[in-house]
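**Q** For reference, this is work.cif, and it has mmCIF, C-alpha atoms.
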data_final
#
loop_
_atom_site.label_atom_id
_atom_site.label_comp_id
_atom_site.auth_asym_id
_atom_site.auth_seq_id
_atom_site.Cartn_x
_atom_site.Cartn_y
_atom_site.Cartn_z
CA MET Z 1 113.94 88.36 107.70
CA GLY Z 2 114.19 88.26 103.92
CA LEU Z 3 116.33 90.53 101.79
CA THR Z 4 113.26 92.26 100.32
CA SER Z 5 111.45 92.53 103.66
CA LYS Z 6 110.23 96.02 104.54
CA LYS Z 7 111.23 95.30 108.15
CA VAL Z 8 114.85 94.81 107.08
CA LEU Z 9 114.78 98.08 105.14
CA LEU Z 10 113.16 99.97 108.04
CA LEU Z 11 115.63 98.51 110.55
CA THR Z 12 118.58 99.50 108.35
CA VAL Z 13 117.26 103.06 108.00
CA LEU Z 14 116.77 103.33 111.77
CA VAL Z 15 120.32 102.08 112.40
CA ALA Z 16 121.71 104.63 109.90
CA VAL Z 17 119.79 107.48 111.57
CA ALA Z 18 120.83 106.32 115.06
CA LEU Z 19 124.51 106.16 114.06
CA PHE Z 20 124.28 109.62 112.51
CA VAL Z 21 122.83 111.07 115.71
CA LEU Z 22 125.39 109.17 117.81
CA THR Z 23 128.22 110.56 115.67
CA ILE Z 24 127.09 114.15 116.22
CA TRP Z 25 126.65 113.55 119.97
CA LEU Z 26 130.02 111.87 120.52
CA TRP Z 27 132.10 113.97 118.12
CA PRO Z 28 133.07 116.65 120.71
CA ARG Z 29 134.26 113.91 123.07
CA LEU Z 30 136.35 112.37 120.32
CA SER Z 31 138.02 115.62 119.28
CA LYS Z 32 141.21 114.87 121.17
CA GLY Z 33 144.38 113.91 119.34
CA ASN Z 34 145.11 110.61 121.12
CA TRP Z 35 144.86 107.30 119.26
CA ARG Z 36 141.65 106.23 121.03
CA ALA Z 37 139.83 109.37 119.88
CA VAL Z 38 141.13 108.98 116.31
CA LEU Z 39 140.02 105.34 116.16
CA GLY Z 40 136.66 106.33 117.61
CA ARG Z 41 136.10 108.94 114.90
CA ILE Z 42 137.14 106.48 112.15
CA GLY Z 43 134.85 103.78 113.58
CA LEU Z 44 131.82 106.08 113.78
CA LEU Z 45 132.33 107.44 110.26
CA PHE Z 46 132.81 103.95 108.84
CA ALA Z 47 129.76 102.50 110.61
CA THR Z 48 127.57 105.45 109.59
CA GLN Z 49 128.58 105.23 105.93
CA VAL Z 50 128.15 101.45 105.78
CA SER Z 51 124.66 101.68 107.27
CA LEU Z 52 123.76 104.50 104.88
CA PHE Z 53 124.95 102.57 101.82
CA ALA Z 54 123.14 99.45 103.07
CA ALA Z 55 119.87 101.39 103.40
CA ILE Z 56 120.25 102.87 99.90
CA GLY Z 57 121.15 99.45 98.46
CA LEU Z 58 118.17 97.74 100.07
CA PHE Z 59 115.83 100.47 98.84
CA ALA Z 60 117.18 100.16 95.29
CA ASN Z 61 116.87 96.38 95.40
CA ASN Z 62 113.26 96.54 96.64
CA THR Z 63 112.44 99.05 93.92
CA PHE Z 64 114.12 97.37 90.95
CA GLY Z 65 114.10 93.72 92.04
CA PHE Z 66 117.76 92.87 91.42
CA TYR Z 67 117.94 90.06 94.01
CA ALA Z 68 115.13 88.04 95.58
CA SER Z 69 116.89 86.64 98.65
CA TRP Z 70 120.13 86.66 100.65
CA ALA Z 71 121.15 83.43 98.89
CA ASP Z 72 120.52 85.08 95.53
CA LEU Z 73 122.60 88.11 96.56
CA PHE Z 74 125.58 85.99 97.61
CA GLY Z 75 125.37 83.60 94.64
CA GLN Z 76 123.95 80.73 96.65
CA GLU Z 77 120.63 80.29 94.84
CA GLN Z 78 118.45 77.57 96.35
CA GLN Z 79 115.39 76.05 94.70
CA PRO Z 80 113.83 73.45 97.04
CA GLY Z 81 112.66 70.26 95.42
CA VAL Z 82 114.31 70.78 92.03
CA VAL Z 83 116.06 67.41 92.09
CA THR Z 84 113.51 65.00 93.54
CA THR Z 85 109.96 66.34 93.42
CA TYR Z 86 108.99 66.25 89.74
CA LYS Z 87 105.65 64.92 88.58
CA SER Z 88 104.70 64.10 85.02
CA GLY Z 89 101.83 66.12 83.67
CA PRO Z 90 99.70 65.53 80.57
CA ASN Z 91 101.54 64.37 77.46
CA GLY Z 92 104.61 63.45 79.49
CA THR Z 93 105.55 66.98 80.58
CA ASN Z 94 107.71 67.52 83.66
CA LEU Z 95 105.81 70.48 85.08
CA LYS Z 96 105.08 70.61 88.79
CA MET Z 97 102.56 72.94 90.39
CA LEU Z 98 104.10 74.80 93.32
CA GLY Z 99 101.04 76.85 94.26
CA THR Z 100 99.26 80.05 93.33
CA GLU Z 101 99.92 83.74 94.00
CA ARG Z 102 97.38 86.46 94.68
CA LEU Z 103 97.33 89.36 92.22
CA SER Z 104 96.48 93.01 92.81
CA ILE Z 105 93.41 92.75 90.56
CA GLN Z 106 89.83 93.39 91.65
CA GLY Z 107 88.14 90.05 92.26
CA ALA Z 108 91.51 88.28 92.39
CA SER Z 109 90.08 85.31 94.30
CA VAL Z 110 87.70 84.44 91.43
CA PRO Z 111 89.51 82.99 88.38
CA THR Z 112 86.60 83.67 86.01
CA THR Z 113 86.82 87.35 86.96
CA ALA Z 114 90.54 88.05 87.38
CA GLY Z 115 92.32 84.95 86.13
CA ARG Z 116 94.85 82.94 88.12
CA LEU Z 117 98.59 83.12 88.72
CA ASP Z 118 100.23 79.70 89.07
CA LYS Z 119 103.76 79.09 90.29
CA VAL Z 120 105.23 76.09 88.50
CA LEU Z 121 108.50 74.25 88.16
CA ILE Z 122 109.61 73.41 84.62
CA ARG Z 123 112.16 70.66 84.09
CA GLY Z 124 113.53 70.46 80.58
CA ALA Z 125 113.95 66.91 79.32
CA LYS Z 126 116.32 67.93 76.51
CA SER Z 127 118.29 70.65 78.33
CA ASP Z 128 118.27 68.99 81.78
CA ILE Z 129 117.57 72.43 83.26
CA ALA Z 130 114.95 73.04 85.95
CA SER Z 131 113.58 76.49 86.66
CA PRO Z 132 110.53 78.03 88.37
CA ALA Z 133 108.09 80.25 86.49
CA TYR Z 134 104.82 82.09 87.05
CA VAL Z 135 101.97 81.36 84.64
CA TYR Z 136 99.15 83.90 84.39
CA LEU Z 137 95.92 82.46 83.02
CA PRO Z 138 93.50 85.23 81.93
CA PRO Z 139 89.85 85.16 83.09
CA GLN Z 140 88.67 83.81 79.73
CA TYR Z 141 90.69 80.64 80.35
CA PHE Z 142 88.15 79.67 83.06
CA GLN Z 143 84.96 80.87 81.37
CA LYS Z 144 82.54 78.37 79.77
CA LYS Z 145 82.55 80.30 76.50
CA TYR Z 146 86.23 79.49 76.06
CA ALA Z 147 86.20 75.97 77.55
CA HIS Z 148 87.50 74.33 74.37
CA LYS Z 149 89.64 77.19 73.10
CA LYS Z 150 93.43 77.18 72.93
CA PHE Z 151 95.17 80.43 73.78
CA PRO Z 152 98.30 82.13 72.49
CA ALA Z 153 101.22 82.26 74.94
CA ALA Z 154 103.89 84.86 75.65
CA VAL Z 155 107.09 84.20 77.59
CA VAL Z 156 108.08 87.27 79.64
CA LEU Z 157 111.68 87.55 80.85
CA THR Z 158 113.43 89.79 83.36
CA GLY Z 159 116.91 91.17 82.98
CA TYR Z 160 119.97 89.74 84.75
CA PRO Z 161 119.94 88.91 87.59
CA GLY Z 162 116.32 90.01 88.08
CA THR Z 163 113.48 88.33 89.96
CA ALA Z 164 110.43 86.76 88.34
CA GLU Z 165 108.24 88.31 91.04
CA ALA Z 166 109.13 91.79 89.74
CA LEU Z 167 107.23 91.02 86.53
CA PHE Z 168 103.89 91.06 88.34
CA LYS Z 169 104.77 93.09 91.47
CA LYS Z 170 106.68 95.95 89.80
CA LEU Z 171 106.06 95.80 86.04
CA HIS Z 172 102.47 94.51 86.39
CA TYR Z 173 102.27 92.39 83.24
CA PRO Z 174 99.12 90.46 84.30
CA GLN Z 175 97.44 93.63 85.55
CA THR Z 176 98.24 95.41 82.28
CA GLN Z 177 96.81 92.57 80.20
CA PHE Z 178 93.71 92.54 82.41
CA ARG Z 179 93.16 96.26 81.76
CA LEU Z 180 93.77 95.90 78.03
CA LEU Z 181 91.29 93.01 77.93
CA GLU Z 182 88.65 95.14 79.62
CA GLU Z 183 89.28 97.85 77.02
CA GLY Z 184 89.04 95.34 74.18
CA ARG Z 185 92.57 96.15 72.95
CA ILE Z 186 94.14 92.70 73.25
CA GLN Z 187 93.25 89.03 72.98
CA PRO Z 188 93.53 86.83 76.10
CA THR Z 189 97.04 85.39 76.30
CA VAL Z 190 98.74 83.03 78.72
CA LEU Z 191 101.82 84.70 80.21
CA VAL Z 192 104.83 82.61 81.29
CA MET Z 193 106.92 84.90 83.50
CA MET Z 194 110.44 84.04 84.64
CA ARG Z 195 114.07 85.11 84.73
CA PRO Z 196 116.50 84.19 81.96
CA THR Z 197 118.92 83.07 84.68
CA VAL Z 198 117.94 79.39 84.66
CA ALA Z 199 121.41 78.20 85.72
CA PRO Z 200 122.07 80.60 88.62
CA PRO Z 201 124.20 82.43 89.42
CA ARG Z 202 125.65 82.28 85.90
CA ASP Z 203 124.40 84.72 83.27
CA THR Z 204 124.04 82.39 80.29
CA GLU Z 205 122.52 84.97 77.92
CA CYS Z 206 120.17 82.24 76.61
CA VAL Z 207 123.08 80.44 74.92
CA ASP Z 208 123.62 76.69 74.53
CA ILE Z 209 127.05 76.84 76.14
CA PRO Z 210 129.53 74.20 74.92
CA ARG Z 211 129.98 71.73 77.80
CA GLY Z 212 127.70 73.94 79.87
CA PRO Z 213 124.01 74.83 80.46
CA GLN Z 214 121.84 74.38 77.35
CA THR Z 215 119.77 77.49 77.97
CA GLU Z 216 118.64 78.10 74.40
CA THR Z 217 117.30 74.54 74.19
CA PHE Z 218 115.41 75.08 77.45
CA PHE Z 219 113.59 78.16 76.13
CA ALA Z 220 113.21 77.11 72.50
CA HIS Z 221 112.01 73.56 73.18
CA ASP Z 222 111.52 72.42 76.78
CA LEU Z 223 109.54 75.36 78.11
CA ARG Z 224 107.14 75.34 75.17
CA HIS Z 225 106.73 71.55 75.36
CA ASP Z 226 105.93 71.53 79.08
CA ILE Z 227 103.63 74.55 79.09
CA SER Z 228 101.62 73.43 76.04
CA GLY Z 229 101.34 69.97 77.59
CA GLN Z 230 99.92 71.35 80.83
CA TYR Z 231 97.81 74.28 79.64
CA ARG Z 232 95.47 74.96 76.72
CA VAL Z 233 97.88 76.91 74.55
CA GLY Z 234 98.75 76.53 70.88
CA ARG Z 235 101.82 74.53 69.92
CA ASP Z 236 102.76 76.28 66.66
CA ALA Z 237 105.21 79.17 66.49
CA GLU Z 238 102.45 81.60 65.49
CA SER Z 239 100.88 80.95 68.92
CA TRP Z 240 104.06 81.89 70.79
CA GLY Z 241 105.72 85.22 71.48
CA ILE Z 242 108.51 86.22 73.82
CA MET Z 243 109.41 89.57 75.37
CA GLY Z 244 111.73 90.91 78.02
CA ASP Z 245 113.76 93.80 79.33
CA SER Z 246 117.54 94.26 79.19
CA THR Z 247 119.11 90.76 79.03
CA GLY Z 248 115.60 89.36 78.65
CA GLY Z 249 115.09 91.62 75.63
CA TYR Z 250 118.26 90.35 73.96
CA CYS Z 251 117.15 86.78 74.67
CA ALA Z 252 113.70 87.46 73.19
CA LEU Z 253 115.14 88.74 69.90
CA LYS Z 254 117.80 86.07 69.64
CA LEU Z 255 115.55 83.12 70.49
CA THR Z 256 113.04 84.25 67.88
CA MET Z 257 115.57 84.99 65.14
CA ARG Z 258 117.42 81.71 65.74
CA ASN Z 259 114.31 79.59 66.36
CA PRO Z 260 111.47 80.84 64.13
CA GLU Z 261 109.90 77.38 64.39
CA SER Z 262 109.42 78.06 68.13
CA TYR Z 263 108.57 81.78 68.35
CA SER Z 264 107.00 84.02 65.73
CA THR Z 265 107.06 87.31 67.63
CA ALA Z 266 109.55 89.07 69.93
CA VAL Z 267 109.66 92.29 71.95
CA SER Z 268 112.94 93.67 73.29
CA LEU Z 269 112.68 96.43 75.91
CA SER Z 270 116.08 98.17 76.10
CA GLY Z 271 117.82 95.00 74.99
CA ASP Z 272 121.30 94.85 73.54
CA TYR Z 273 122.17 93.00 70.33
CA LYS Z 274 125.00 90.72 71.40
CA ALA Z 275 126.02 88.89 74.55
CA PRO Z 276 128.59 90.46 76.85
CA ILE Z 277 131.57 88.45 78.05
CA ASP Z 278 132.38 89.22 81.68
CA ALA Z 279 132.77 87.64 85.10
CA THR Z 280 129.06 86.76 85.31
CA THR Z 281 128.92 85.01 81.93
CA GLY Z 282 132.27 83.26 81.70
CA ASP Z 283 133.14 81.80 78.31
CA LEU Z 284 129.77 81.45 76.59
CA PHE Z 285 131.02 80.15 73.26
CA GLY Z 286 133.75 77.68 74.14
CA GLY Z 287 136.29 79.63 72.11
CA SER Z 288 134.21 79.32 68.92
CA ALA Z 289 134.32 82.53 66.88
CA GLN Z 290 131.51 81.24 64.66
CA LEU Z 291 129.17 80.59 67.59
CA LYS Z 292 129.95 84.05 68.94
CA ARG Z 293 129.06 85.64 65.58
CA GLU Z 294 125.84 83.65 65.32
CA ASN Z 295 124.70 85.11 68.65
CA ASP Z 296 125.47 88.68 67.47
CA LEU Z 297 122.15 89.89 66.08
CA LEU Z 298 123.60 92.70 63.95
CA TRP Z 299 126.00 90.17 62.38
CA ARG Z 300 123.11 87.79 61.69
CA GLN Z 301 121.22 90.51 59.86
CA LYS Z 302 124.14 91.16 57.52
CA HIS Z 303 125.25 87.61 56.82
CA LEU Z 304 122.32 85.21 57.25
CA PRO Z 305 118.88 84.89 55.62
CA ALA Z 306 116.12 86.68 57.50
CA PRO Z 307 113.52 84.48 59.23
CA LYS Z 308 109.79 85.12 58.90
CA VAL Z 309 109.24 86.70 62.32
CA ASN Z 310 107.84 89.89 63.88
CA LEU Z 311 110.20 92.02 65.97
CA LEU Z 312 109.64 95.06 68.19
CA VAL Z 313 112.56 96.98 69.74
CA THR Z 314 112.56 99.92 72.15
CA SER Z 315 115.01 102.62 73.18
CA SER Z 316 115.24 106.29 74.13
CA ARG Z 317 117.01 109.14 72.31
CA HIS Z 318 118.40 110.34 75.63
CA GLY Z 319 119.35 108.04 78.50
CA GLU Z 320 119.63 104.66 76.76
CA GLY Z 321 122.95 103.10 75.83
CA ASN Z 322 121.44 100.93 73.08
CA TYR Z 323 119.95 103.79 71.01
CA LYS Z 324 122.47 103.78 68.13
CA ASN Z 325 122.49 100.01 67.82
CA THR Z 326 118.70 99.98 67.90
CA LEU Z 327 118.65 102.26 64.86
CA LYS Z 328 121.18 99.95 63.14
CA PHE Z 329 119.02 96.95 63.94
CA ILE Z 330 115.90 98.60 62.53
CA GLU Z 331 117.73 99.62 59.36
CA GLY Z 332 119.29 96.17 58.96
CA THR Z 333 116.06 94.16 59.26
CA LYS Z 334 115.29 92.40 55.97
CA SER Z 335 112.14 90.79 54.59
CA PRO Z 336 110.43 88.50 55.40
CA SER Z 337 111.18 89.71 58.95
CA THR Z 338 109.13 92.71 60.04
CA VAL Z 339 110.28 95.29 62.57
CA ALA Z 340 108.57 97.96 64.68
CA SER Z 341 109.87 100.23 67.41
CA ILE Z 342 109.01 102.36 70.42
CA ILE Z 343 111.48 105.24 70.70
CA LEU Z 344 111.00 107.57 73.67
CA ASP Z 345 112.46 111.07 73.81
CA SER Z 346 114.08 110.25 77.15
CA GLY Z 347 114.20 107.30 79.47
CA GLY Z 348 116.64 105.20 81.42
CA HIS Z 349 117.43 101.52 81.79
CA ASN Z 350 114.83 101.05 84.51
CA PHE Z 351 111.34 99.91 85.51
CA ASN Z 352 109.80 103.34 85.00
CA THR Z 353 110.83 103.42 81.34
CA TRP Z 354 109.69 99.85 80.67
CA SER Z 355 106.35 100.49 82.38
CA ARG Z 356 105.73 103.26 79.83
CA GLU Z 357 106.42 100.85 76.97
CA ILE Z 358 104.76 97.63 78.15
CA PRO Z 359 101.08 98.44 77.36
CA ALA Z 360 101.80 99.35 73.72
CA ALA Z 361 104.23 96.44 73.38
CA MET Z 362 101.71 93.92 74.72
CA GLU Z 363 99.00 95.27 72.43
CA TRP Z 364 101.39 95.01 69.45
CA MET Z 365 102.35 91.44 70.34
CA GLY Z 366 98.72 90.43 70.82
CA GLY Z 367 98.01 91.58 67.30
CA HIS Z 368 100.56 89.11 65.87
CA LEU Z 369 99.81 85.93 67.82
CA ARG Z 370 97.33 83.31 66.70
CA ALA Z 371 96.12 80.17 68.49
#
Kindly return the structure encoded in the file as structure tokens.
**A**
Amino acid sequence: MGLTSKKVLLLTVLVAVALFVLTIWLWPRLSKGNWRAVLGRIGLLFATQVSLFAAIGLFANNTFGFYASWADLFGQEQQPGVVTTYKSGPNGTNLKMLGTERLSIQGASVPTTAGRLDKVLIRGAKSDIASPAYVYLPPQYFQKKYAHKKFPAAVVLTGYPGTAEALFKKLHYPQTQFRLLEEGRIQPTVLVMMRPTVAPPRDTECVDIPRGPQTETFFAHDLRHDISGQYRVGRDAESWGIMGDSTGGYCALKLTMRNPESYSTAVSLSGDYKAPIDATTGDLFGGSAQLKRENDLLWRQKHLPAPKVNLLVTSSRHGEGNYKNTLKFIEGTKSPSTVASIILDSGGHNFNTWSREIPAAMEWMGGHLRA
């Protein structure tokens, strides 16, 4: 049974309840002072607490989508077929179709009505990185009226470690676009949904790491090349936006500010403004102080020319750790860059907060993309 299986969660809850009941029932018998009774009490308390923490942990993981599988949890990520099963698509792209997923949209089985969600494998020729992604094609993509039209595209990133499935199962990006399309508030856009962790289990923070994974090259060049070669999307920067939450938000801002020839528009939901250095990242900059500064967005604003891009940042006055830096970022944005914000009165670093911000953020992004 998988890590996110409801059966696993239910079984863990039942075990925790059973151990709690067993502890109450056996406690009088274990009240003696001999070593067997003492060990019995310690064993029951330990087992009960472990099962309780396991149930809470599984519930939190199912709710927030931290890990997708047992292998993901224990740092043993496995992606079948990454090495040997590539196929070249149109224009020499290395994009392989892995199948389709059903969406919770009315008429989901009819692409002209609800669109289609493809699962693909992208292999970057320049970065030599392979990573799966989900591509949502809106209903208009399949309608005769739009048969010869190219669409704008938006890359949507999770936080770290995150799961790409959470973007359509928890945060409902395709469903939100579908609703906004029905209300006439957004233009049809191809969504490329994935995690920024393309070299698992390492948190690369979308950096081209010296002598390591070239993650920035993957997102700035390879992904755009392969997707635009396989699907009818524009190739110019004005056709491409990128958004994400937490680590994905930092990546969205940084990739756009550092690569304005690739992305014209970025949305950062609760993102920070520089990369952390910890056990999950390792040494991202190879000891280079200059490379570290160049990936610090507040430093870039002060010391480097501003690119011609559109930026949206979000935070909350109460409950968000990035609030003060978000205000600094807004104040430090210089022309020709433009900046907008969504500032909530209160909200945490979680799916509930981002779900409140996503509709307005998607509408804002749609107003800046052109195909």
**Q** Quick one: residues within 7 Å of (108.4, 93.3, 72.3) (file frame), counting all atoms listed in the file, please, as a list in words.
**A**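 Looking at atoms near the point gives Met243, Ala266, Val267, Ser268, Leu269, Leu311, Leu312, Val313, Ala361 and Met365 of chain Z.
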**Q** Kindly indicate which residue among Z:Arg41, Z:Ile330, Z:Pro307, Z:Phe178 lies nearest to Z:Ile24, using only C-alpha atoms for the distances.
**A**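 The closest residue to Z:Ile24 is Z:Arg41.
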**Q** Identify, on the basis of all atoms listed in the file, every residue whose closest approach to Z:Ile122 does not exceed 10 Å; exclude the query and any residue fewer than 4 positions from it along the same chain; express the result as a ChimeraX atom specification.
**A** /Z:82,86,93-97,129-133,218,222-227
**Q** Kindly resolve the PyMOL selection byres ((chain Z and resi 337-353) around 10) on the present coordinates and return the residues as a ChimeraX atom specification.
**A** /Z:63-65,166-167,170-171,245-246,257,264-271,305-323,326-327,329-336,354-358,360-361,364
**Q** For those residues, write C-alpha atoms to a file as an mmCIF file, in the coordinates of the input.
**A**
data_model
loop_
_atom_site.group_PDB
_atom_site.id
_atom_site.type_symbol
_atom_site.label_atom_id
_atom_site.label_comp_id
_atom_site.auth_asym_id
_atom_site.auth_seq_id
_atom_site.Cartn_x
_atom_site.Cartn_y
_atom_site.Cartn_z
ATOM 1 C CA THR Z 63 112.440 99.050 93.920
ATOM 2 C CA PHE Z 64 114.120 97.370 90.950
ATOM 3 C CA GLY Z 65 114.100 93.720 92.040
ATOM 4 C CA ALA Z 166 109.130 91.790 89.740
ATOM 5 C CA LEU Z 167 107.230 91.020 86.530
ATOM 6 C CA LYS Z 170 106.680 95.950 89.800
ATOM 7 C CA LEU Z 171 106.060 95.800 86.040
ATOM 8 C CA ASP Z 245 113.760 93.800 79.330
ATOM 9 C CA SER Z 246 117.540 94.260 79.190
ATOM 10 C CA MET Z 257 115.570 84.990 65.140
ATOM 11 C CA SER Z 264 107.000 84.020 65.730
ATOM 12 C CA THR Z 265 107.060 87.310 67.630
ATOM 13 C CA ALA Z 266 109.550 89.070 69.930
ATOM 14 C CA VAL Z 267 109.660 92.290 71.950
ATOM 15 C CA SER Z 268 112.940 93.670 73.290
ATOM 16 C CA LEU Z 269 112.680 96.430 75.910
ATOM 17 C CA SER Z 270 116.080 98.170 76.100
ATOM 18 C CA GLY Z 271 117.820 95.000 74.990
ATOM 19 C CA PRO Z 305 118.880 84.890 55.620
ATOM 20 C CA ALA Z 306 116.120 86.680 57.500
ATOM 21 C CA PRO Z 307 113.520 84.480 59.230
ATOM 22 C CA LYS Z 308 109.790 85.120 58.900
ATOM 23 C CA VAL Z 309 109.240 86.700 62.320
ATOM 24 C CA ASN Z 310 107.840 89.890 63.880
ATOM 25 C CA LEU Z 311 110.200 92.020 65.970
ATOM 26 C CA LEU Z 312 109.640 95.060 68.190
ATOM 27 C CA VAL Z 313 112.560 96.980 69.740
ATOM 28 C CA THR Z 314 112.560 99.920 72.150
ATOM 29 C CA SER Z 315 115.010 102.620 73.180
ATOM 30 C CA SER Z 316 115.240 106.290 74.130
ATOM 31 C CA ARG Z 317 117.010 109.140 72.310
ATOM 32 C CA HIS Z 318 118.400 110.340 75.630
ATOM 33 C CA GLY Z 319 119.350 108.040 78.500
ATOM 34 C CA GLU Z 320 119.630 104.660 76.760
ATOM 35 C CA GLY Z 321 122.950 103.100 75.830
ATOM 36 C CA ASN Z 322 121.440 100.930 73.080
ATOM 37 C CA TYR Z 323 119.950 103.790 71.010
ATOM 38 C CA THR Z 326 118.700 99.980 67.900
ATOM 39 C CA LEU Z 327 118.650 102.260 64.860
ATOM 40 C CA PHE Z 329 119.020 96.950 63.940
ATOM 41 C CA ILE Z 330 115.900 98.600 62.530
ATOM 42 C CA GLU Z 331 117.730 99.620 59.360
ATOM 43 C CA GLY Z 332 119.290 96.170 58.960
ATOM 44 C CA THR Z 333 116.060 94.160 59.260
ATOM 45 C CA LYS Z 334 115.290 92.400 55.970
ATOM 46 C CA SER Z 335 112.140 90.790 54.590
ATOM 47 C CA PRO Z 336 110.430 88.500 55.400
ATOM 48 C CA TRP Z 354 109.690 99.850 80.670
ATOM 49 C CA SER Z 355 106.350 100.490 82.380
ATOM 50 C CA ARG Z 356 105.730 103.260 79.830
ATOM 51 C CA GLU Z 357 106.420 100.850 76.970
ATOM 52 C CA ILE Z 358 104.760 97.630 78.150
ATOM 53 C CA ALA Z 360 101.800 99.350 73.720
ATOM 54 C CA ALA Z 361 104.230 96.440 73.380
ATOM 55 C CA TRP Z 364 101.390 95.010 69.450
#
**Q** Name the residues that the PyMOL selection byres ((chain Z and resi 58) around 9) picks from the file above, as a PDB file with C-alpha atoms, keeping the file's coordinate frame, using the file's chain letters and numbers.
**A**
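That gives us selection-v5.pdb:
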ATOM      1  CA  LEU Z   3     116.330  90.530 101.790  1.00  0.00           C
ATOM      2  CA  THR Z   4     113.260  92.260 100.320  1.00  0.00           C
ATOM      3  CA  VAL Z   8     114.850  94.810 107.080  1.00  0.00           C
ATOM      4  CA  LEU Z   9     114.780  98.080 105.140  1.00  0.00           C
ATOM      5  CA  THR Z  12     118.580  99.500 108.350  1.00  0.00           C
ATOM      6  CA  PHE Z  53     124.950 102.570 101.820  1.00  0.00           C
ATOM      7  CA  ALA Z  54     123.140  99.450 103.070  1.00  0.00           C
ATOM      8  CA  ALA Z  55     119.870 101.390 103.400  1.00  0.00           C
ATOM      9  CA  ILE Z  56     120.250 102.870  99.900  1.00  0.00           C
ATOM     10  CA  GLY Z  57     121.150  99.450  98.460  1.00  0.00           C
ATOM     11  CA  PHE Z  59     115.830 100.470  98.840  1.00  0.00           C
ATOM     12  CA  ALA Z  60     117.180 100.160  95.290  1.00  0.00           C
ATOM     13  CA  ASN Z  61     116.870  96.380  95.400  1.00  0.00           C
ATOM     14  CA  ASN Z  62     113.260  96.540  96.640  1.00  0.00           C
ATOM     15  CA  THR Z  63     112.440  99.050  93.920  1.00  0.00           C
TER      16      THR Z  63
END
**Q** When you draw a straight line from atom CA of Z:Arg235 to atom CA of Z:Pro260, how long is it in Å?
**A**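 Spanning atom CA of Z:Arg235 to atom CA of Z:Pro260 is a straight-line distance of 12.9 Å.
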**Q** For Z:Thr215, which of Z:His368, Z:Arg123, Z:Arg179, Z:Arg300 is the closest residue, counting only C-alpha atoms?
**A**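 Closest to Z:Thr215, using only C-alpha atoms: Z:Arg123.
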**Q** What separation in Å, quoted to one decimal, exists between atom CA of Z:Thr112 and atom CA of Z:Tyr136?
**A**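 Interatomic distance here is 12.7 Å.
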**Q** Atom CA of Z:Met193 and atom CA of Z:Glu101, how far apart in Å?
**A** 12.7 Å
**Q** Within 6 Å of (117.3, 91.0, 81.9), in the coordinates the file gives, what residues turn up when you count all atoms listed in the file, written out as number ranges by chain?
**A** Z: 158-160, 245-248
**Q** Go ahead and save the residues from that selection, with C-alpha atoms, as a short mmCIF file (atom, residue, chain, number, x, y, z; two decimals), in the coordinates of the input.
**A**
data_model
loop_
_atom_site.label_atom_id
_atom_site.label_comp_id
_atom_site.auth_asym_id
_atom_site.auth_seq_id
_atom_site.Cartn_x
_atom_site.Cartn_y
_atom_site.Cartn_z
CA THR Z 158 113.43 89.79 83.36
CA GLY Z 159 116.91 91.17 82.98
CA TYR Z 160 119.97 89.74 84.75
CA ASP Z 245 113.76 93.80 79.33
CA SER Z 246 117.54 94.26 79.19
CA THR Z 247 119.11 90.76 79.03
CA GLY Z 248 115.60 89.36 78.65
#
**Q** Calculated over only C-alpha atoms, which of the candidates Z:Phe285, Z:Trp27, Z:Tyr134, Z:Trp35 has the smallest distance to Z:Thr163?
**A**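 Checking each candidate against Z:Thr163, we get Z:Tyr134 as the closest.
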**Q** Give me the residues near Z:Tyr231 as a list in words, where near means some atom within 10 Å (using all atoms listed in the file) and where sequence neighbours in that chain fewer than 4 positions away do not count.
**A** Gly89, Pro90, Val135, Leu137, Tyr141, Lys150, Phe151, Ala153, Val190, Asp226 and Ile227 of chain Z
**Q** Please write the residues picked by the PyMOL selection byres ((chain Z and resi 198-202) around 7) on this file as a VMD selection string.
**A** chain Z and resid 75 77 131 195 to 197 203 to 204 213 280 to 281
**Q** Near Z:Thr113, counting all atoms listed in the file, which residues have an atom at most 10 Å away, once you skip same-chain residues fewer than 4 positions from it, shown as a compact mmCIF listing (two decimals) with C-alpha atoms, in the frame of the given file?
**A**
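Output below, filename part-v1.txt:
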# COMPACT_ATOMS: atom_id res chain seq x y z
CA ILE Z 105 93.41 92.75 90.56
CA GLN Z 106 89.83 93.39 91.65
CA GLY Z 107 88.14 90.05 92.26
CA ALA Z 108 91.51 88.28 92.39
CA SER Z 109 90.08 85.31 94.30
CA PRO Z 138 93.50 85.23 81.93
CA PRO Z 139 89.85 85.16 83.09
CA GLN Z 140 88.67 83.81 79.73
CA PHE Z 142 88.15 79.67 83.06
CA GLN Z 143 84.96 80.87 81.37
CA PHE Z 178 93.71 92.54 82.41
**Q** I'd like to know which of Z:Thr100, Z:Ser51, Z:Ser288, Z:Asn34 is closest to Z:Leu10, using all atoms listed in the file.
**A**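 That would be Z:Ser51, the residue with the smallest distance to Z:Leu10.
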**Q** Point out the residue among Z:Val21, Z:Leu26, Z:Ile186, Z:Ala125 with the least atom-to-atom distance to Z:Thr217, counting all atoms listed in the file.
**A**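 Of all the options, Z:Ala125 lies closest to Z:Thr217.
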